[in-house]
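Novice: See entry.cif below, with mmCIF, C-alpha atoms.
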```cif
data_run
#
loop_
_atom_site.label_atom_id
_atom_site.label_comp_id
_atom_site.auth_asym_id
_atom_site.auth_seq_id
_atom_site.Cartn_x
_atom_site.Cartn_y
_atom_site.Cartn_z
CA MET A 1 15.46 16.45 -4.57
CA LYS A 2 17.14 14.71 -1.64
CA LYS A 3 20.61 15.83 -2.70
CA THR A 4 22.11 19.14 -1.60
CA ILE A 5 24.34 21.37 -3.67
CA SER A 6 27.78 22.54 -2.58
CA LEU A 7 28.01 25.32 -0.05
CA LEU A 8 28.06 28.57 -1.97
CA ILE A 9 27.10 31.35 0.41
CA VAL A 10 27.41 31.55 4.15
CA GLY A 11 25.66 34.31 6.05
CA VAL A 12 23.84 35.03 9.27
CA LEU A 13 20.53 36.83 9.22
CA THR A 14 18.48 37.80 12.24
CA LEU A 15 14.87 37.87 11.11
CA MET A 16 12.95 40.83 12.50
CA MET A 17 9.31 40.17 13.21
CA ILE A 18 6.95 41.58 10.63
CA SER A 19 3.96 40.10 12.45
CA CYS A 20 3.56 38.75 15.94
CA THR A 21 0.25 37.61 17.36
CA GLN A 22 -0.72 35.85 20.56
CA GLU A 23 -3.41 33.24 20.00
CA ASP A 24 -5.53 31.12 22.35
CA SER A 25 -4.00 32.82 25.39
CA ASP A 26 -5.18 31.97 28.90
CA PRO A 27 -3.43 34.08 31.57
CA SER A 28 -4.99 31.95 34.31
CA ILE A 29 -2.70 29.03 33.47
CA GLY A 30 0.41 30.90 32.41
CA THR A 31 1.98 33.63 30.30
CA PRO A 32 2.07 33.29 26.49
CA PRO A 33 5.53 33.28 24.91
CA ALA A 34 7.08 36.72 24.50
CA ASN A 35 10.18 38.26 22.92
CA VAL A 36 10.22 35.68 20.15
CA GLU A 37 13.40 35.95 18.09
CA ILE A 38 14.45 33.95 15.05
CA GLN A 39 17.98 33.61 13.75
CA ALA A 40 18.79 32.08 10.38
CA THR A 41 22.15 30.92 9.05
CA ILE A 42 22.12 30.69 5.26
CA THR A 43 24.42 28.26 3.46
CA GLY A 44 23.70 27.89 -0.24
CA ASN A 45 20.05 26.87 -0.51
CA SER A 46 19.96 25.58 3.07
CA VAL A 47 18.87 27.66 6.04
CA GLU A 48 19.45 26.77 9.70
CA PHE A 49 16.80 28.30 11.95
CA THR A 50 17.03 28.94 15.69
CA ALA A 51 14.14 30.27 17.78
CA ASN A 52 14.29 31.88 21.21
CA ALA A 53 11.43 33.14 23.37
CA ASP A 54 10.44 33.73 26.97
CA ASN A 55 7.94 31.25 28.44
CA ALA A 56 8.05 28.87 25.45
CA TYR A 57 8.38 25.11 25.77
CA GLU A 58 8.20 24.17 22.05
CA PHE A 59 8.45 25.68 18.58
CA TYR A 60 6.59 24.66 15.43
CA TRP A 61 7.71 25.76 11.97
CA ASP A 62 5.92 26.19 8.65
CA PHE A 63 8.39 26.99 5.88
CA ASP A 64 5.82 27.99 3.22
CA ASN A 65 7.11 25.27 0.91
CA GLY A 66 4.80 22.48 2.00
CA LYS A 67 7.14 21.31 4.75
CA THR A 68 7.08 21.72 8.53
CA ALA A 69 9.32 20.98 11.50
CA VAL A 70 9.32 20.96 15.29
CA GLY A 71 12.05 22.15 17.62
CA GLU A 72 14.09 25.11 18.76
CA ASN A 73 16.70 24.38 16.09
CA THR A 74 15.86 23.13 12.61
CA GLU A 75 17.18 23.21 9.06
CA MET A 76 15.38 23.51 5.74
CA SER A 77 16.65 23.30 2.17
CA PHE A 78 14.68 25.46 -0.25
CA ASP A 79 14.76 23.83 -3.67
CA ILE A 80 13.40 26.86 -5.55
CA ALA A 81 14.88 30.34 -5.23
CA ASP A 82 11.93 32.45 -4.09
CA THR A 83 10.47 34.45 -1.22
CA TYR A 84 9.00 32.35 1.59
CA ASN A 85 6.84 33.49 4.50
CA VAL A 86 8.36 31.38 7.26
CA LYS A 87 6.09 30.96 10.27
CA CYS A 88 7.27 30.07 13.77
CA ILE A 89 4.71 29.16 16.43
CA ALA A 90 6.06 29.44 19.97
CA MET A 91 4.04 27.30 22.38
CA GLY A 92 3.67 28.17 26.07
CA LYS A 93 1.47 27.17 28.99
CA GLY A 94 -0.54 30.36 28.59
CA GLY A 95 -1.05 30.06 24.83
CA GLN A 96 0.92 30.49 21.64
CA THR A 97 2.66 33.33 19.85
CA VAL A 98 2.98 33.28 16.07
CA VAL A 99 5.79 35.07 14.27
CA THR A 100 5.93 35.36 10.47
CA LYS A 101 8.81 36.68 8.39
CA SER A 102 9.50 36.77 4.67
CA ILE A 103 12.85 35.33 3.70
CA THR A 104 14.24 35.42 0.16
CA THR A 105 16.54 32.70 -1.13
CA THR A 106 18.66 33.48 -4.19
CA ILE A 107 19.98 29.97 -4.80
CA GLY A 108 17.94 26.86 -5.57
CA ASN A 109 18.78 23.19 -5.90
CA PRO A 110 19.56 22.27 -9.53
CA ASP A 111 18.95 18.58 -8.77
CA VAL A 112 15.19 19.18 -8.83
CA TYR A 113 15.44 19.61 -12.59
CA ASN A 114 16.57 16.04 -13.22
CA TYR A 115 15.08 14.00 -16.07
CA VAL A 116 12.56 12.13 -13.92
CA ASN A 117 11.15 15.26 -12.31
CA LYS A 118 10.93 17.17 -15.57
CA VAL A 119 9.08 14.34 -17.32
CA ILE A 120 6.65 13.83 -14.42
CA CYS A 121 5.85 17.54 -14.47
CA GLY A 122 6.07 18.18 -18.18
CA TYR A 123 8.40 20.99 -17.19
CA SER A 124 9.56 23.55 -19.74
CA SER A 125 12.48 25.83 -18.99
CA LEU A 126 11.23 28.20 -21.69
CA ASN A 127 8.30 29.37 -19.59
CA ASN A 128 9.12 27.76 -16.22
CA GLN A 129 5.78 25.92 -16.31
CA SER A 130 4.74 22.35 -15.44
CA SER A 131 2.04 21.33 -17.90
CA ALA A 132 1.78 17.52 -17.75
CA VAL A 133 -1.55 15.95 -16.80
CA TRP A 134 -1.61 12.20 -16.17
CA VAL A 135 -4.65 9.93 -16.45
CA TRP A 136 -5.38 6.23 -16.12
CA ASP A 137 -4.46 4.02 -19.06
CA HIS A 138 -7.62 2.24 -20.29
CA THR A 139 -5.83 -0.65 -21.98
CA ALA A 140 -5.46 -4.20 -20.67
CA GLY A 141 -2.91 -4.67 -17.89
CA ALA A 142 -2.83 -1.03 -16.83
CA PHE A 143 -4.01 -2.01 -13.34
CA ALA A 144 -2.59 -5.17 -11.81
CA CYS A 145 -1.33 -6.93 -8.70
CA GLY A 146 1.21 -9.62 -7.95
CA GLY A 147 3.91 -10.96 -5.67
CA PRO A 148 6.12 -11.28 -3.84
CA GLU A 149 4.21 -11.97 -0.65
CA ASP A 150 6.31 -9.44 1.25
CA PRO A 151 6.61 -6.15 -0.67
CA SER A 152 9.47 -4.90 1.47
CA THR A 153 12.05 -3.95 -1.15
CA TYR A 154 11.98 -1.96 -4.35
CA PHE A 155 14.44 -4.34 -5.98
CA ASP A 156 12.02 -7.26 -6.24
CA PRO A 157 11.26 -8.57 -9.75
CA ILE A 158 8.12 -7.37 -11.50
CA ASP A 159 5.23 -9.83 -11.14
CA VAL A 160 1.74 -9.05 -12.45
CA THR A 161 0.57 -12.67 -12.66
CA TRP A 162 -2.02 -12.56 -9.87
CA TRP A 163 -4.49 -10.29 -11.65
CA GLU A 164 -4.57 -7.78 -14.51
CA SER A 165 -7.36 -5.50 -15.68
CA GLY A 166 -8.87 -5.89 -19.13
CA ASP A 167 -9.57 -3.14 -21.65
CA ASN A 168 -11.73 -0.46 -19.98
CA GLU A 169 -12.40 -2.83 -17.07
CA MET A 170 -12.26 -0.01 -14.52
CA ASP A 171 -14.99 1.99 -16.24
CA GLY A 172 -17.52 3.24 -13.69
CA MET A 173 -15.04 2.93 -10.80
CA GLY A 174 -14.35 6.65 -10.43
CA CYS A 175 -10.83 6.53 -11.83
CA TYR A 176 -10.93 7.15 -15.58
CA ASP A 177 -11.82 10.82 -15.07
CA ASP A 178 -9.05 11.44 -12.52
CA GLU A 179 -6.28 13.86 -13.51
CA TYR A 180 -2.94 13.99 -11.70
CA SER A 181 -0.51 16.91 -11.98
CA PHE A 182 2.89 17.56 -10.45
CA LYS A 183 4.36 21.05 -10.25
CA ILE A 184 7.92 22.27 -9.89
CA ASN A 185 7.23 25.31 -7.77
CA ARG A 186 7.90 26.54 -4.25
CA LYS A 187 5.63 23.91 -2.64
CA PHE A 188 6.04 21.18 -5.27
CA ASP A 189 2.27 20.91 -5.50
CA TYR A 190 0.67 17.56 -6.29
CA ILE A 191 -2.86 18.03 -7.64
CA ASN A 192 -5.33 15.15 -7.67
CA ASN A 193 -8.35 16.31 -9.63
CA SER A 194 -10.61 13.36 -8.86
CA ASN A 195 -13.76 15.04 -10.19
CA GLY A 196 -15.78 14.24 -7.08
CA ASP A 197 -15.05 10.57 -6.40
CA PHE A 198 -11.99 8.38 -6.03
CA LEU A 199 -11.25 4.66 -6.16
CA TYR A 200 -10.69 2.95 -2.80
CA SER A 201 -9.23 -0.49 -2.24
CA TRP A 202 -12.02 -2.48 -0.59
CA ALA A 203 -10.18 -3.08 2.70
CA TRP A 204 -9.00 0.50 2.98
CA ALA A 205 -12.50 1.78 2.24
CA ASN A 206 -13.60 -0.22 5.27
CA GLU A 207 -10.63 0.86 7.37
CA LEU A 208 -10.59 4.56 6.50
CA ARG A 209 -14.15 5.35 5.50
CA GLY A 210 -16.23 2.96 7.60
CA GLN A 211 -17.52 0.98 4.61
CA THR A 212 -18.51 -2.70 4.63
CA GLN A 213 -17.14 -3.79 1.27
CA ALA A 214 -16.79 -7.49 0.50
CA GLU A 215 -13.37 -8.96 -0.33
CA TYR A 216 -11.89 -7.42 -3.51
CA ALA A 217 -14.96 -5.20 -4.00
CA ASP A 218 -13.08 -1.95 -4.59
CA VAL A 219 -15.37 1.06 -4.61
CA ALA A 220 -15.53 4.70 -5.75
CA LEU A 221 -16.31 7.07 -2.87
CA GLU A 222 -16.91 10.78 -2.64
CA TYR A 223 -13.54 12.41 -2.19
CA THR A 224 -11.85 15.78 -1.84
CA ALA A 225 -8.09 15.57 -2.21
CA PRO A 226 -5.92 17.25 0.44
CA GLU A 227 -3.33 19.86 -0.41
CA SER A 228 -0.23 17.75 -1.03
CA SER A 229 3.36 18.04 -2.17
CA TRP A 230 5.55 15.51 -3.97
CA GLU A 231 9.19 14.50 -4.10
CA THR A 232 11.35 11.88 -5.75
CA GLU A 233 14.39 10.02 -4.48
CA LYS A 234 16.83 7.67 -6.17
CA LEU A 235 17.54 4.65 -3.97
CA GLY A 236 20.36 2.13 -4.24
CA THR A 237 23.58 2.10 -6.22
CA GLY A 238 24.88 0.50 -9.38
CA ALA A 239 22.49 -1.92 -11.04
CA ASP A 240 20.21 -2.03 -7.99
CA THR A 241 18.61 1.41 -8.18
CA ALA A 242 15.04 2.58 -7.94
CA TRP A 243 13.29 5.92 -8.28
CA VAL A 244 10.62 6.49 -5.65
CA LEU A 245 7.81 9.06 -5.83
CA ARG A 246 6.29 10.23 -2.53
CA ILE A 247 3.10 12.19 -1.86
CA THR A 248 2.67 14.16 1.38
CA ASN A 249 -0.36 14.83 3.59
CA ASN A 250 -1.98 11.45 2.91
CA GLY A 251 -2.36 12.08 -0.81
CA TRP A 252 -2.73 9.18 -3.25
CA ILE A 253 -2.18 8.40 -6.90
CA GLY A 254 -4.81 6.23 -8.57
CA ILE A 255 -6.25 4.35 -5.61
CA ALA A 256 -6.64 4.90 -1.88
CA ASN A 257 -4.79 2.34 0.21
CA GLY A 258 -2.15 2.16 2.90
CA THR A 259 0.76 3.82 1.12
CA HIS A 260 1.70 7.21 -0.27
CA GLU A 261 4.94 6.02 -1.87
CA TYR A 262 5.34 4.69 -5.40
CA GLN A 263 8.22 3.10 -7.26
CA ILE A 264 8.66 4.38 -10.81
CA LEU A 265 9.11 1.29 -12.96
CA GLU A 266 9.01 3.11 -16.28
CA ILE A 267 8.87 6.75 -17.28
CA THR A 268 8.67 8.25 -20.76
CA PRO A 269 7.17 11.54 -21.97
CA ASN A 270 3.86 9.69 -22.39
CA THR A 271 3.90 6.81 -19.89
CA LEU A 272 4.30 6.57 -16.11
CA TRP A 273 4.26 3.01 -14.73
CA LEU A 274 4.12 2.76 -10.93
CA ARG A 275 4.39 0.01 -8.33
CA TYR A 276 3.16 0.38 -4.76
CA ASP A 277 2.51 -1.62 -1.60
CA ALA A 278 -1.08 -2.88 -1.98
CA SER A 279 -1.12 -4.82 1.27
CA LEU A 280 -4.26 -4.94 3.40
CA PRO A 281 -4.53 -3.21 6.79
CA ALA A 282 -2.80 -5.15 9.54
CA ASP A 283 -6.03 -6.47 11.05
CA PHE A 284 -7.60 -7.56 7.75
CA THR A 285 -7.42 -11.04 6.26
CA VAL A 286 -8.52 -12.77 3.06
CA SER A 287 -9.73 -16.31 3.63
CA GLY A 288 -8.15 -16.16 7.06
CA THR A 289 -4.74 -15.05 5.75
CA THR A 290 -3.09 -11.64 6.03
CA LYS A 291 -2.65 -10.43 2.47
CA THR A 292 0.46 -8.61 1.25
CA GLU A 293 1.10 -7.80 -2.39
CA TRP A 294 2.36 -5.28 -4.91
CA GLY A 295 -0.04 -3.12 -6.90
CA TYR A 296 0.75 -1.82 -10.39
CA LEU A 297 -0.73 1.20 -12.15
CA ARG A 298 0.08 2.62 -15.56
CA LEU A 299 -0.72 6.25 -16.28
CA VAL A 300 -0.54 7.99 -19.65
CA LYS A 301 -0.21 11.62 -20.64
CA LYS A 302 -3.56 13.26 -21.21
CA VAL A 303 -4.10 14.15 -24.85
CA THR A 304 -5.74 17.53 -25.36
CA ARG A 305 -7.48 18.45 -28.57
#
```
Could you spell out this file's structure in structure tokens?

Specialist:
Amino acid sequence: MKKTISLLIVGVLTLMMISCTQEDSDPSIGTPPANVEIQATITGNSVEFTANADNAYEFYWDFDNGKTAVGENTEMSFDIADTYNVKCIAMGKGGQTVVTKSITTTIGNPDVYNYVNKVICGYSSLNNQSSAVWVWDHTAGAFACGGPEDPSTYFDPIDVTWWESGDNEMDGMGCYDDEYSFKINRKFDYINNSNGDFLYSWAWANELRGQTQAEYADVALEYTAPESSWETEKLGTGADTAWVLRITNNGWIGIANGTHEYQILEITPNTLWLRYDASLPADFTVSGTTKTEWGYLRLVKKVTR
């Protein structure tokens, strides 16, 4: 999803405003932006946007694909050919003016249909649907942690010697009823159906939710997942390569902690084994020592009957 296809079509399109509203205006401190114009240069599945307006000092963009940007000039690659309602917010001293325009892309990015993405999603080209639902593996070793002490590279060896879960050991911790889904669609939706509660690492429960958990006392807390997107990227070259899965908008897979990025150690149609940075918050210590470590989580495809 990070790669771009060759340049196929070049065109220039001036987007006429289909809606323009001035919001939160305050004439006493200035004039809201006016005469907002958007120009788009289309090259393959990539679009370069330029905004102009009177009395504007900044522009914020929402591309209707789960991604945003800031600036007068910006570029966005649309992975799926579709119609997008692109929103530009022109900011001025006297308020803001919002312009929205539908733009249709006719070319997508074929790289999004790679093997890893299709397996994660359970994607079928027959109906263009993503049907996979992932759940926690209940068997021994599905949840683990280990070295090295500094989880700074995805090319470190696998080490689960520090601790591994036993069979059904996480029962009652708010994780065995979680369901995770990944969609290949315009926003690349990531859906965390946590069924009301979600597992938090003890230190991050204290850091993010104001809890007072003891060391290693992970806890299930009431939770509503944010609207999130996902993407994958292949890092490295040759023998030293790693697939990384990222979740946007502070979304998590499996457990709440300090990262939203996961290395894919193994992927099959029925198994997804992930590694992630399970380090404690910077100001937390265990027995007086700052703790850094890798976490490991194995998911399996949900079986429906």

Novice: Just to confirm, what's the straight-line distance from atom CA of A:Glu207 to atom CA of A:Pro281 in Å (one decimal)?

Specialist: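 Rounded to one decimal, the two atoms are 7.4 Å apart.
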
Novice: Using the chain letters and numbers from this file, what does the PyMOL selection byres ((chain A and resi 254) around 8) select? Give the answer as a list in words.

Specialist: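 Given this file, the PyMOL selection byres ((chain A and resi 254) around 8) evaluates to Trp136, Cys175, Asp178, Phe198, Leu199, Trp252, Ile253, Ile255, Ala256 and Leu297 of chain A.
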
Novice: For those residues, write C-alpha atoms to a file as a CSV table (one decimal), in the frame of the given file.

Specialist:
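Contents of again11.csv, freshly written:
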```
chain,number,residue,atom,x,y,z
A,136,TRP,CA,-5.4,6.2,-16.1
A,175,CYS,CA,-10.8,6.5,-11.8
A,178,ASP,CA,-9.0,11.4,-12.5
A,198,PHE,CA,-12.0,8.4,-6.0
A,199,LEU,CA,-11.2,4.7,-6.2
A,252,TRP,CA,-2.7,9.2,-3.2
A,253,ILE,CA,-2.2,8.4,-6.9
A,255,ILE,CA,-6.2,4.4,-5.6
A,256,ALA,CA,-6.6,4.9,-1.9
A,297,LEU,CA,-0.7,1.2,-12.2
```

Novice: Report as a list of chain:residue names the residues that result from applying the PyMOL selection byres ((chain A and resi 161) around 8) to the structure here.

Specialist: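 This file gives the following for the PyMOL selection byres ((chain A and resi 161) around 8): A:Cys145, A:Gly146, A:Gly147, A:Asp159, A:Val160, A:Trp162, A:Trp163, A:Glu164.
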
Novice: If you apply the PyMOL selection byres ((chain A and resi 205) around 12) to this file, what residues do you get, as a ChimeraX atom specification?

Specialist: /A:198-204,206-223,255-258,280-281,284

Novice: Calculated over only C-alpha atoms, which of the candidates A:Asp82, A:Ala144, A:Thr68, A:Tyr57 has the smallest distance to A:Ile158?

Specialist: A:Ala144

Novice: To one decimal place, how far is atom CA of A:Thr105 from atom CA of A:Gln39 in Å?

Specialist: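 Distance between the two atoms: 15.0 Å.
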
Novice: With distances taken over only C-alpha atoms, which residue among A:Val47, A:Val86, A:Met170, A:Ala34 lies nearest A:Gly66?

Specialist: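 Smallest separation from A:Gly66 among the options: A:Val86.
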
Novice: Mind checking which residues fall within 10 Å of A:Gly108, counting all atoms listed in the file, ignoring those fewer than 5 positions away in the same chain, and posting them as a list in words?

Specialist: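 Result of the neighbour search: Thr4, Ile5, Gly44, Asn45, Ser46, Ser77, Phe78, Asp79, Ile80, Ala81 and Asp82 of chain A.
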
Novice: For A:Ile89, list every protein, DNA or RNA residue within 8 Å, evaluated using only C-alpha atoms, and leave out those in the same chain fewer than 5 positions away; present the list as number ranges by chain.

Specialist: A: 59-61, 96-99

Novice: Take the residues from that selection and write them out as a PDB file, keeping the file's coordinate frame, keeping C-alpha atoms.

Specialist:
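Now in out_8.pdb:
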```pdb
ATOM      1  CA  PHE A  59       8.450  25.680  18.580  1.00  0.00           C
ATOM      2  CA  TYR A  60       6.590  24.660  15.430  1.00  0.00           C
ATOM      3  CA  TRP A  61       7.710  25.760  11.970  1.00  0.00           C
ATOM      4  CA  GLN A  96       0.920  30.490  21.640  1.00  0.00           C
ATOM      5  CA  THR A  97       2.660  33.330  19.850  1.00  0.00           C
ATOM      6  CA  VAL A  98       2.980  33.280  16.070  1.00  0.00           C
ATOM      7  CA  VAL A  99       5.790  35.070  14.270  1.00  0.00           C
TER       8      VAL A  99
END
```

Novice: Considering only C-alpha atoms, return as an MDAnalysis selection string whatever protein or nucleic-acid residues lie within 9 Å of A:Thr259, sequence-local ones (same chain, fewer than 3 positions apart) excluded.

Specialist: chainID A and resid 250 252 256 262 276:279

Novice: Nearest residue to A:Lys187 out of A:Trp294, A:Tyr113, A:Tyr123, A:Trp230, using all atoms listed in the file?

Specialist: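 For A:Lys187, the nearest of the given residues is A:Trp230.
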
Novice: Which polymer residues have any atom within 8 Å of an atom of A:Lys93, counting only C-alpha atoms, with same-chain residues fewer than 4 positions away left out, as a PyMOL selection string?

Specialist: chain A and resi 29-32+55-57

Novice: Using all atoms listed in the file, find each residue in stretch 103-178 of chain A having at least one atom no more than 12 Å away from stretch 236-241 of chain A; report its shortest atom-to-atom pair and that distance in Å (one decimal), rows by chain then rising number, as CSV.

Specialist:
```
residue,atom,partner,partner_atom,distance
A:Thr153,CA,A:Gly236,CA,10.8
A:Tyr154,CA,A:Thr241,CA,8.4
A:Phe155,CA,A:Asp240,CA,6.5
A:Asp156,CA,A:Asp240,CA,9.9
A:Pro157,CA,A:Asp240,CA,11.2
```

Novice: I want to know what sits within 12 Å of A:Asn114, based on only C-alpha atoms, with residues of the same chain fewer than 5 positions away left out; could you give that as an MDAnalysis selection string?

Specialist: chainID A and resid 1:3 109 119:123 184 231:234 243

Novice: For a test of reading the model, state the distance in Å between atom CA of A:Asn35 and atom CA of A:Ala69, rounded to one decimal.

Specialist: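 Separation between atom CA of A:Asn35 and atom CA of A:Ala69: 20.7 Å.
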
Novice: Adding 5 Å on each side of the box along x, y and z that holds all listed atoms of stretch 28-40 of chain A, could you give its centre and edge lengths in Å to one decimal, as lines of an AutoDock Vina configuration file?

Specialist:
```
center_x = 6.9
center_y = 33.6
center_z = 22.3
size_x = 33.8
size_y = 19.2
size_z = 33.9
```

Novice: Restricting the calculation to all atoms listed in the file, which member of A:Tyr296, A:Lys87, A:Asp177, A:Asp62 is positioned closest to A:Ile264?

Specialist: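 Residue with the minimum atom-to-atom distance to A:Ile264: A:Tyr296.
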
Novice: List as a list in words the residues having at least one atom at most 6 Å from position (12.8, 29.3, 13.1) as given in the file, counting all atoms listed in the file.

Specialist: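 Taken together, the residues in range are Ile38, Phe49, Thr50, Ala51 and Cys88 of chain A.
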
Novice: Have a look at A:Asn270, A:Asn249, A:Thr104, A:Thr83 and name the one nearest to A:Lys301; count all atoms listed in the file.

Specialist: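 Between A:Asn270, A:Asn249, A:Thr104, A:Thr83, the residue approaching A:Lys301 most closely is A:Asn270.
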
Novice: Please write N, CA and C atoms of stretch 85-111 of chain A, from the structure given just now, as a short mmCIF file (atom, residue, chain, number, x, y, z; two decimals), in the first residue's frame.

Specialist:
```
data_model
loop_
_atom_site.label_atom_id
_atom_site.label_comp_id
_atom_site.auth_asym_id
_atom_site.auth_seq_id
_atom_site.Cartn_x
_atom_site.Cartn_y
_atom_site.Cartn_z
N ASN A 85 -15.62 12.38 -1.35
CA ASN A 85 -16.04 13.74 -1.01
C ASN A 85 -14.89 14.43 -0.27
N VAL A 86 -14.05 15.09 -1.02
CA VAL A 86 -12.86 15.74 -0.46
C VAL A 86 -13.27 17.05 0.19
N LYS A 87 -12.85 17.22 1.43
CA LYS A 87 -13.21 18.42 2.20
C LYS A 87 -11.96 19.26 2.45
N CYS A 88 -12.06 20.54 2.19
CA CYS A 88 -10.99 21.49 2.48
C CYS A 88 -11.53 22.53 3.46
N ILE A 89 -10.83 22.70 4.56
CA ILE A 89 -11.21 23.69 5.58
C ILE A 89 -10.19 24.82 5.53
N ALA A 90 -10.64 25.99 5.10
CA ALA A 90 -9.78 27.17 5.06
C ALA A 90 -9.92 27.93 6.37
N MET A 91 -8.81 28.11 7.07
CA MET A 91 -8.81 28.75 8.38
C MET A 91 -8.39 30.21 8.24
N GLY A 92 -9.15 31.11 8.89
CA GLY A 92 -8.82 32.52 8.92
C GLY A 92 -9.01 33.09 10.31
N LYS A 93 -8.56 34.31 10.52
CA LYS A 93 -8.70 34.94 11.84
C LYS A 93 -10.16 35.10 12.24
N GLY A 94 -11.03 35.30 11.25
CA GLY A 94 -12.44 35.51 11.54
C GLY A 94 -13.28 34.25 11.52
N GLY A 95 -12.65 33.09 11.37
CA GLY A 95 -13.40 31.84 11.35
C GLY A 95 -12.87 30.90 10.29
N GLN A 96 -13.70 29.96 9.88
CA GLN A 96 -13.29 28.98 8.90
C GLN A 96 -14.37 28.80 7.84
N THR A 97 -13.92 28.47 6.64
CA THR A 97 -14.82 28.19 5.53
C THR A 97 -14.54 26.78 5.03
N VAL A 98 -15.61 25.99 4.91
CA VAL A 98 -15.48 24.59 4.53
C VAL A 98 -16.01 24.40 3.12
N VAL A 99 -15.19 23.79 2.29
CA VAL A 99 -15.57 23.49 0.91
C VAL A 99 -15.51 21.98 0.71
N THR A 100 -16.55 21.42 0.11
CA THR A 100 -16.60 19.98 -0.14
C THR A 100 -16.88 19.74 -1.62
N LYS A 101 -16.17 18.79 -2.19
CA LYS A 101 -16.35 18.47 -3.60
C LYS A 101 -16.16 16.98 -3.81
N SER A 102 -17.03 16.38 -4.60
CA SER A 102 -16.88 14.97 -4.97
C SER A 102 -15.89 14.85 -6.11
N ILE A 103 -14.95 13.94 -5.96
CA ILE A 103 -13.99 13.67 -7.01
C ILE A 103 -13.97 12.17 -7.26
N THR A 104 -14.01 11.78 -8.51
CA THR A 104 -14.05 10.36 -8.88
C THR A 104 -12.72 9.94 -9.47
N THR A 105 -12.13 8.91 -8.89
CA THR A 105 -10.90 8.34 -9.43
C THR A 105 -11.25 7.06 -10.19
N THR A 106 -10.63 6.88 -11.33
CA THR A 106 -10.93 5.72 -12.17
C THR A 106 -9.83 4.67 -12.13
N ILE A 107 -8.74 4.99 -11.45
CA ILE A 107 -7.60 4.07 -11.35
C ILE A 107 -7.26 3.88 -9.89
N GLY A 108 -7.08 2.63 -9.47
CA GLY A 108 -6.65 2.34 -8.11
C GLY A 108 -5.21 1.87 -8.08
N ASN A 109 -4.80 1.39 -6.94
CA ASN A 109 -3.43 0.90 -6.75
C ASN A 109 -3.49 -0.62 -6.63
N PRO A 110 -3.03 -1.37 -7.64
CA PRO A 110 -3.12 -2.83 -7.59
C PRO A 110 -2.30 -3.45 -6.46
N ASP A 111 -1.33 -2.71 -5.91
CA ASP A 111 -0.50 -3.27 -4.84
C ASP A 111 -1.31 -3.56 -3.58
#
```
